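Below is the file target.cif, which contains mmCIF, C-alpha atoms.
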```cif
data_start
#
loop_
_atom_site.label_atom_id
_atom_site.label_comp_id
_atom_site.auth_asym_id
_atom_site.auth_seq_id
_atom_site.Cartn_x
_atom_site.Cartn_y
_atom_site.Cartn_z
CA MET A 13 11.11 -9.12 -12.26
CA ASP A 14 10.88 -12.91 -11.82
CA ASN A 15 8.78 -15.05 -14.14
CA ILE A 16 6.05 -17.12 -12.52
CA ILE A 17 5.35 -19.03 -15.76
CA LYS A 18 7.77 -19.88 -18.52
CA THR A 19 7.21 -22.01 -21.60
CA GLU A 20 10.10 -23.10 -23.79
CA HIS A 21 9.38 -24.19 -27.37
CA ILE A 22 6.32 -26.20 -26.40
CA ARG A 23 4.39 -28.35 -28.87
CA PHE A 24 0.98 -29.97 -28.45
CA SER A 25 -1.54 -31.66 -30.73
CA TYR A 26 -4.90 -33.39 -30.58
CA SER A 27 -6.03 -36.49 -32.45
CA THR A 28 -9.44 -36.58 -34.10
CA ASN A 29 -11.77 -39.59 -33.95
CA GLU A 30 -10.47 -40.48 -37.39
CA GLY A 31 -6.91 -40.57 -36.08
CA VAL A 32 -5.84 -37.36 -37.75
CA VAL A 33 -3.25 -35.44 -35.72
CA MET A 34 -4.09 -31.74 -35.41
CA PRO A 35 -1.20 -29.52 -34.22
CA VAL A 36 -2.40 -26.89 -31.74
CA LEU A 37 0.76 -25.37 -30.27
CA GLU A 38 3.96 -25.15 -32.27
CA ASP A 39 7.33 -24.06 -30.86
CA LEU A 40 5.69 -21.58 -28.49
CA SER A 41 7.86 -19.76 -25.95
CA LEU A 42 6.38 -17.30 -23.46
CA GLU A 43 7.26 -15.75 -20.11
CA ILE A 44 4.73 -14.35 -17.64
CA GLU A 45 6.14 -11.94 -15.06
CA THR A 46 5.13 -12.27 -11.42
CA GLY A 47 2.46 -9.71 -10.50
CA SER A 48 1.56 -8.86 -14.09
CA PHE A 49 -1.83 -8.83 -15.80
CA VAL A 50 -1.60 -10.53 -19.18
CA ALA A 51 -4.44 -10.98 -21.66
CA VAL A 52 -4.20 -13.76 -24.24
CA LEU A 53 -6.21 -13.23 -27.42
CA GLY A 54 -6.98 -15.51 -30.33
CA HIS A 55 -9.84 -16.72 -32.49
CA ASN A 56 -11.55 -20.05 -31.77
CA GLY A 57 -9.08 -22.84 -32.42
CA SER A 58 -6.03 -20.60 -32.15
CA GLY A 59 -4.62 -22.58 -29.22
CA LYS A 60 -5.12 -20.04 -26.44
CA SER A 61 -7.17 -22.31 -24.16
CA THR A 62 -4.82 -25.22 -24.79
CA LEU A 63 -1.94 -22.97 -23.79
CA ALA A 64 -3.77 -21.94 -20.61
CA LYS A 65 -4.19 -25.57 -19.58
CA HIS A 66 -0.42 -26.02 -19.75
CA PHE A 67 0.07 -23.33 -17.11
CA ASN A 68 -0.95 -25.60 -14.23
CA ALA A 69 -0.30 -29.02 -15.75
CA ILE A 70 -3.83 -29.88 -16.82
CA LEU A 71 -2.06 -30.62 -20.09
CA LEU A 72 1.59 -31.52 -20.54
CA PRO A 73 3.61 -30.53 -23.60
CA GLU A 74 4.53 -33.12 -26.22
CA GLY A 75 7.75 -31.23 -26.74
CA GLY A 76 9.48 -28.40 -24.92
CA LYS A 77 9.07 -27.43 -21.28
CA VAL A 78 6.71 -25.51 -19.00
CA TYR A 79 7.93 -24.13 -15.69
CA VAL A 80 5.82 -22.71 -12.87
CA SER A 81 7.95 -20.77 -10.37
CA GLY A 82 10.85 -22.84 -11.67
CA MET A 83 8.97 -26.17 -11.24
CA ASP A 84 8.82 -28.50 -14.23
CA THR A 85 5.15 -29.34 -14.88
CA GLU A 86 6.14 -32.84 -16.02
CA ASP A 87 7.46 -33.69 -12.54
CA ASP A 88 4.61 -35.65 -10.90
CA ALA A 89 6.07 -35.02 -7.46
CA LEU A 90 5.55 -31.28 -7.94
CA LEU A 91 1.98 -31.43 -9.27
CA LEU A 92 0.27 -30.37 -6.03
CA ARG A 93 2.64 -27.44 -5.51
CA ILE A 94 2.18 -26.36 -9.12
CA ARG A 95 -1.61 -26.34 -8.83
CA GLN A 96 -1.41 -24.47 -5.54
CA THR A 97 0.73 -21.87 -7.28
CA VAL A 98 -1.42 -21.49 -10.40
CA GLY A 99 -5.21 -21.73 -10.06
CA MET A 100 -7.61 -22.14 -12.99
CA VAL A 101 -11.03 -20.55 -13.48
CA PHE A 102 -13.04 -21.84 -16.44
CA GLN A 103 -15.73 -20.44 -18.71
CA ASN A 104 -18.71 -22.11 -17.02
CA PRO A 105 -18.76 -21.61 -13.22
CA ASP A 106 -21.29 -24.45 -12.85
CA ASN A 107 -18.50 -26.84 -13.81
CA GLN A 108 -16.42 -25.71 -10.82
CA ILE A 109 -19.08 -25.38 -8.13
CA VAL A 110 -19.40 -28.68 -6.26
CA ALA A 111 -21.31 -27.89 -3.05
CA ASN A 112 -24.83 -26.80 -2.17
CA VAL A 113 -23.74 -23.85 -0.02
CA VAL A 114 -21.37 -21.10 -1.14
CA GLU A 115 -18.99 -21.27 1.83
CA GLU A 116 -18.82 -25.06 1.60
CA ASP A 117 -17.86 -24.81 -2.04
CA VAL A 118 -15.05 -22.35 -1.30
CA ALA A 119 -13.84 -24.64 1.51
CA PHE A 120 -13.68 -27.68 -0.76
CA ALA A 121 -10.16 -27.22 -2.13
CA PRO A 122 -8.51 -26.24 1.20
CA GLU A 123 -10.13 -29.27 2.85
CA ASN A 124 -8.67 -31.54 0.19
CA LEU A 125 -5.27 -29.96 0.74
CA GLY A 126 -5.45 -30.90 4.43
CA VAL A 127 -5.64 -27.34 5.71
CA PRO A 128 -6.64 -27.24 9.43
CA PRO A 129 -10.33 -26.38 10.05
CA LYS A 130 -9.60 -23.06 11.77
CA GLU A 131 -7.46 -21.91 8.86
CA ILE A 132 -10.08 -23.11 6.38
CA ARG A 133 -12.62 -20.85 8.06
CA GLU A 134 -10.23 -17.92 7.78
CA ARG A 135 -9.42 -18.66 4.16
CA VAL A 136 -13.09 -19.01 3.17
CA ASP A 137 -14.12 -15.76 4.85
CA GLN A 138 -11.17 -13.90 3.39
CA ALA A 139 -11.65 -15.30 -0.12
CA LEU A 140 -15.36 -14.45 -0.19
CA SER A 141 -14.65 -10.96 1.12
CA ARG A 142 -12.01 -10.38 -1.53
CA VAL A 143 -14.49 -11.12 -4.32
CA GLY A 144 -17.37 -9.26 -2.69
CA MET A 145 -19.42 -12.38 -1.95
CA TYR A 146 -19.12 -12.73 1.83
CA LYS A 147 -22.76 -11.79 2.47
CA PHE A 148 -23.81 -14.68 0.21
CA ARG A 149 -21.76 -17.28 2.09
CA THR A 150 -24.81 -19.26 3.27
CA HIS A 151 -26.67 -19.04 -0.04
CA ALA A 152 -27.22 -21.87 -2.49
CA PRO A 153 -24.97 -21.34 -5.55
CA HIS A 154 -27.72 -22.25 -8.01
CA LEU A 155 -29.73 -19.23 -6.85
CA LEU A 156 -26.95 -16.79 -7.73
CA SER A 157 -26.53 -14.83 -10.96
CA GLY A 158 -23.92 -15.86 -13.50
CA GLY A 159 -21.51 -13.15 -12.39
CA GLN A 160 -21.96 -14.09 -8.74
CA LYS A 161 -21.34 -17.76 -9.50
CA GLN A 162 -18.14 -16.88 -11.32
CA ARG A 163 -16.97 -14.82 -8.36
CA VAL A 164 -17.64 -17.80 -6.09
CA ALA A 165 -15.56 -19.95 -8.45
CA ILE A 166 -12.75 -17.38 -8.22
CA ALA A 167 -13.06 -17.39 -4.42
CA GLY A 168 -12.69 -21.17 -4.45
CA VAL A 169 -9.42 -20.78 -6.32
CA ILE A 170 -7.97 -17.98 -4.19
CA ALA A 171 -8.79 -19.94 -1.01
CA MET A 172 -5.90 -22.15 -2.14
CA ARG A 173 -3.65 -19.05 -1.86
CA PRO A 174 -2.30 -19.15 -5.43
CA LYS A 175 0.29 -16.72 -6.70
CA CYS A 176 -1.30 -16.75 -10.16
CA ILE A 177 -4.83 -17.16 -11.49
CA VAL A 178 -5.48 -18.22 -15.08
CA LEU A 179 -9.00 -17.41 -16.26
CA ASP A 180 -10.16 -19.13 -19.44
CA GLU A 181 -12.88 -16.94 -21.00
CA PRO A 182 -14.52 -16.35 -17.59
CA THR A 183 -17.03 -13.80 -18.92
CA ALA A 184 -18.07 -15.62 -22.12
CA MET A 185 -21.39 -16.78 -20.64
CA LEU A 186 -22.19 -13.62 -18.68
CA ASP A 187 -24.34 -10.56 -19.33
CA PRO A 188 -22.73 -7.09 -19.21
CA ILE A 189 -23.37 -6.70 -15.48
CA GLY A 190 -21.84 -10.09 -14.72
CA ARG A 191 -18.86 -9.30 -16.92
CA GLU A 192 -18.24 -6.06 -15.06
CA GLU A 193 -18.48 -7.83 -11.68
CA VAL A 194 -15.91 -10.43 -12.67
CA LEU A 195 -13.52 -7.96 -14.32
CA SER A 196 -13.64 -5.69 -11.28
CA THR A 197 -12.79 -8.68 -9.09
CA ILE A 198 -9.87 -9.65 -11.34
CA HIS A 199 -8.42 -6.13 -11.27
CA THR A 200 -8.72 -5.94 -7.49
CA LEU A 201 -6.88 -9.24 -7.03
CA ASN A 202 -4.11 -8.08 -9.35
CA ARG A 203 -3.65 -4.50 -8.18
CA GLU A 204 -4.35 -4.81 -4.47
CA GLU A 205 -3.33 -8.40 -3.76
CA GLY A 206 -0.44 -8.70 -6.22
CA ILE A 207 -1.81 -11.91 -7.76
CA THR A 208 -0.58 -12.58 -11.28
CA VAL A 209 -3.52 -12.72 -13.71
CA VAL A 210 -3.60 -14.44 -17.09
CA LEU A 211 -6.91 -13.70 -18.82
CA ILE A 212 -7.87 -15.76 -21.87
CA THR A 213 -10.51 -13.75 -23.70
CA HIS A 214 -12.04 -12.88 -27.04
CA HIS A 215 -13.34 -9.51 -25.79
CA MET A 216 -11.07 -6.73 -27.06
CA ASP A 217 -12.21 -4.29 -24.38
CA GLU A 218 -11.19 -6.78 -21.68
CA ALA A 219 -7.78 -7.29 -23.23
CA ALA A 220 -7.29 -3.53 -23.49
CA GLN A 221 -7.39 -3.30 -19.68
CA ALA A 222 -4.41 -5.62 -19.24
CA ASP A 223 -0.76 -4.61 -18.84
CA ARG A 224 0.23 -6.83 -21.74
CA VAL A 225 -1.55 -8.51 -24.66
CA VAL A 226 -0.38 -11.73 -26.30
CA VAL A 227 -2.07 -12.69 -29.57
CA ILE A 228 -2.04 -16.38 -30.51
CA ASP A 229 -2.72 -17.60 -34.04
CA HIS A 230 -2.39 -21.21 -35.22
CA GLY A 231 -0.48 -22.15 -32.11
CA LYS A 232 2.14 -19.43 -32.41
CA ILE A 233 2.58 -15.96 -30.95
CA LEU A 234 1.51 -13.40 -33.55
CA SER A 235 1.93 -10.27 -31.45
CA ASP A 236 3.10 -9.47 -27.92
CA GLY A 237 3.26 -6.10 -26.19
CA THR A 238 1.29 -3.40 -24.42
CA PRO A 239 -2.35 -2.97 -25.51
CA GLN A 240 -1.37 0.34 -27.11
CA ALA A 241 1.32 -1.36 -29.19
CA VAL A 242 -0.63 -4.49 -30.14
CA PHE A 243 -3.90 -2.80 -31.10
CA GLN A 244 -2.16 -0.37 -33.45
CA ASN A 245 -1.64 -3.34 -35.79
CA VAL A 246 -5.23 -3.18 -36.97
CA GLU A 247 -4.65 -4.81 -40.36
CA LEU A 248 -2.65 -7.65 -38.83
CA LEU A 249 -5.35 -8.45 -36.27
CA LYS A 250 -8.13 -8.26 -38.84
CA SER A 251 -6.17 -10.60 -41.11
CA VAL A 252 -6.50 -13.37 -38.51
CA GLY A 253 -10.17 -12.74 -37.77
CA LEU A 254 -9.80 -10.52 -34.72
CA ASP A 255 -11.31 -7.13 -34.01
CA VAL A 256 -9.84 -4.18 -32.13
CA PRO A 257 -11.43 -2.12 -29.34
CA GLU A 258 -14.22 0.14 -30.57
CA THR A 259 -12.16 3.25 -29.83
CA VAL A 260 -9.29 2.00 -31.99
CA GLU A 261 -11.70 1.03 -34.78
CA LEU A 262 -13.16 4.56 -34.75
CA LEU A 263 -9.71 6.14 -34.90
CA TYR A 264 -8.66 3.71 -37.63
CA GLN A 265 -11.67 4.59 -39.79
CA LEU A 266 -11.07 8.32 -39.31
CA ARG A 267 -7.40 7.90 -40.23
CA ALA A 268 -8.52 6.12 -43.37
CA GLU A 269 -10.31 9.36 -44.28
CA GLY A 270 -7.06 11.28 -43.90
CA LEU A 271 -7.45 12.62 -40.38
CA PRO A 272 -4.24 12.74 -38.28
CA LEU A 273 -5.28 10.64 -35.32
CA PRO A 274 -3.22 8.23 -33.20
CA LEU A 275 -4.19 4.57 -32.84
CA ASP A 276 -2.93 4.22 -29.28
CA ALA A 277 -5.75 6.19 -27.62
CA ILE A 278 -7.55 3.08 -26.39
CA ALA A 279 -9.48 4.39 -23.38
CA VAL A 280 -12.70 6.24 -24.16
CA ASP A 281 -11.50 9.47 -22.58
CA GLU A 282 -8.18 9.24 -24.46
CA CYS A 283 -10.00 8.64 -27.73
CA ALA A 284 -12.36 11.57 -27.12
CA LYS A 285 -9.44 13.86 -26.26
CA ALA A 286 -7.53 12.86 -29.40
CA ILE A 287 -10.54 13.70 -31.59
CA TYR A 288 -11.22 16.92 -29.66
CA ASP A 289 -7.61 18.07 -30.01
CA MET A 290 -7.72 17.37 -33.74
CA LEU A 291 -10.95 19.34 -34.16
CA LYS A 292 -9.40 22.33 -32.39
CA GLN A 293 -6.79 22.62 -35.11
CA PRO A 294 -7.33 25.21 -37.88
CA ALA A 295 -9.30 23.75 -40.76
CA GLY A 296 -6.36 23.59 -43.16
CA CYS A 297 -3.90 21.90 -40.82
CA PHE A 298 -4.73 18.33 -41.73
CA CYS A 299 -6.14 18.56 -45.19
CA ASP A 300 -2.93 17.12 -46.64
CA SER A 301 -2.50 14.44 -44.01
CA PRO A 302 -1.66 11.01 -45.48
CA ARG A 303 -4.26 8.32 -45.31
CA ALA A 304 -3.54 5.32 -43.06
#
```

Please re-express this file's structure in structure tokens.
Amino acid sequence: MDNIIKTEHIRFSYSTNEGVVMPVLEDLSLEIETGSFVAVLGHNGSGKSTLAKHFNAILLPEGGKVYVSGMDTEDDALLLRIRQTVGMVFQNPDNQIVANVVEEDVAFAPENLGVPPKEIRERVDQALSRVGMYKFRTHAPHLLSGGQKQRVAIAGVIAMRPKCIVLDEPTAMLDPIGREEVLSTIHTLNREEGITVVLITHHMDEAAQADRVVVIDHGKILSDGTPQAVFQNVELLKSVGLDVPETVELLYQLRAEGLPLPLDAIAVDECAKAIYDMLKQPAGCFCDSPRA
């Protein structure tokens, strides 16, 4: 499968007010496959949000290269095409909503791209329908819930017809209902529309729903693989201040007591089945099982 995003040995740093240079990304190489759903995990300051901003040229690497569908992000002539290919959704939807009416906000980006009015109307209606917000098209954004605002922000991005959406902690400011609304929207866009999704998150349960999990620590890739593979490394993740999904934590604690349970049963039903199957075994079958 083709890669929609590719980073090659990128480096990036920030300077403090005192002039101290703080490295954020160091020799980081990563490929994101077209049509995939990738979650990027890391503690605060790990570099995950800085990495995300390199994916559509909000930031440019100090060293190394970033390519979007083969386009070099440092080529100014390609900037518009790059940002049409990769759209960004940020943590606070209020920072992305610019109009007083929902449909006008979603139309903002296509208008600035010079899209003809008739096509803008089609794009706006389609984008709002795809995120389940069409019936709110004439509403004022400030009257919407947090989850609804974030879905409007996502609609504003997909009205640009991107091939990839990068979401930087989009549920961090939302309640559980809002989180579920946004996650459902993200999954629909990925599975039904084929849009590549890169989700920057600190919620383990959100990352567990992705096809692939990339863990960033101190500007480098610490772990990269399926959720089942990555979350089995419980000690490694805990050593860098990260948790694991609650199901994995339960299985991990039971293994520590000598019970023969797998750590790759991430989904609740899988976890329940693993425990049920163990309990069905004769009482003496796992008494000598090694501790994790």

> Which value, in Å to one decimal, gives the distance between atom CA of Thr183 of chain A and atom CA of His214 of chain A?
Replying inline: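 Value for the atom CA of Thr183 of chain A-atom CA of His214 of chain A distance: 9.6 Å.
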
> Interatomic distance between atom CA of Gly253 of chain A and atom CA of Met216 of chain A?
Replying inline: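 Here the two named atoms are 12.3 Å from each other.
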
Written as a tab-separated table (two decimals) with C-alpha atoms, in the coordinates of the input, which residues does the PyMOL selection byres ((chain A and resi 254) around 10) give for the file shown?
```tsv
chain	number	residue	atom	x	y	z
A	53	LEU	CA	-6.21	-13.23	-27.42
A	54	GLY	CA	-6.98	-15.51	-30.33
A	55	HIS	CA	-9.84	-16.72	-32.49
A	214	HIS	CA	-12.04	-12.88	-27.04
A	215	HIS	CA	-13.34	-9.51	-25.79
A	216	MET	CA	-11.07	-6.73	-27.06
A	227	VAL	CA	-2.07	-12.69	-29.57
A	246	VAL	CA	-5.23	-3.18	-36.97
A	247	GLU	CA	-4.65	-4.81	-40.36
A	248	LEU	CA	-2.65	-7.65	-38.83
A	249	LEU	CA	-5.35	-8.45	-36.27
A	250	LYS	CA	-8.13	-8.26	-38.84
A	251	SER	CA	-6.17	-10.60	-41.11
A	252	VAL	CA	-6.50	-13.37	-38.51
A	253	GLY	CA	-10.17	-12.74	-37.77
A	255	ASP	CA	-11.31	-7.13	-34.01
A	256	VAL	CA	-9.84	-4.18	-32.13
```

> Given the file above and the PyMOL selection byres ((chain A and resi 257-261) around 9), which residues are selected, and can you give them as a list in words?
Replying inline: His215, Met216, Asp217, Glu218, Ala219, Ala220, Phe243, Gln244, Val246, Asp255, Val256, Leu262, Leu263, Tyr264, Gln265, Leu266, Pro274, Leu275, Asp276, Ala277, Ile278, Ala279, Val280, Glu282, Cys283 and Ala284 of chain A

> Which is closer to Ala165 of chain A than all the others in A:Ile109, A:Val127, A:Val143, A:Ala119, using only C-alpha atoms?
Replying inline: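 The shortest atom-to-atom distance to Ala165 of chain A comes from A:Ile109.
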
>> Under the PyMOL selection byres ((chain A and resi 171) around 10), which residues of this model are included? Write them out as number ranges by chain.
In response: A: 96, 99, 118-122, 132-140, 166-170, 172-174

>> Between A:Arg142, A:Arg95, A:Lys60, A:Arg23, which residue has the minimum interatomic distance to Thr197 of chain A, considering only C-alpha atoms?
In response: A:Arg142

>> Excluding Thr19 of chain A and its own-chain neighbours fewer than 5 positions away, which residues fall within 6 Å of it when counting only C-alpha atoms? Please give them as an MDAnalysis selection string.
In response: chainID A and resid 41:42 77:78

>> Please list as a PyMOL selection string every residue within 9 Å of His151 of chain A, counting all atoms listed in the file and excluding residues in the same chain fewer than 6 positions away.
In response: chain A and resi 112-115

With C-alpha atoms retained, could you export that selection as a CSV table (one decimal), in the coordinates of the input?
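Okay, part05.csv is ready:
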```csv
chain,number,residue,atom,x,y,z
A,112,ASN,CA,-24.8,-26.8,-2.2
A,113,VAL,CA,-23.7,-23.8,0.0
A,114,VAL,CA,-21.4,-21.1,-1.1
A,115,GLU,CA,-19.0,-21.3,1.8
```

> Which is closer to Gly270 of chain A than all the others in A:Lys285, A:Ile16, A:Cys176, A:Met290, using only C-alpha atoms?
Replying inline: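 Closest to Gly270 of chain A, using only C-alpha atoms: A:Met290.
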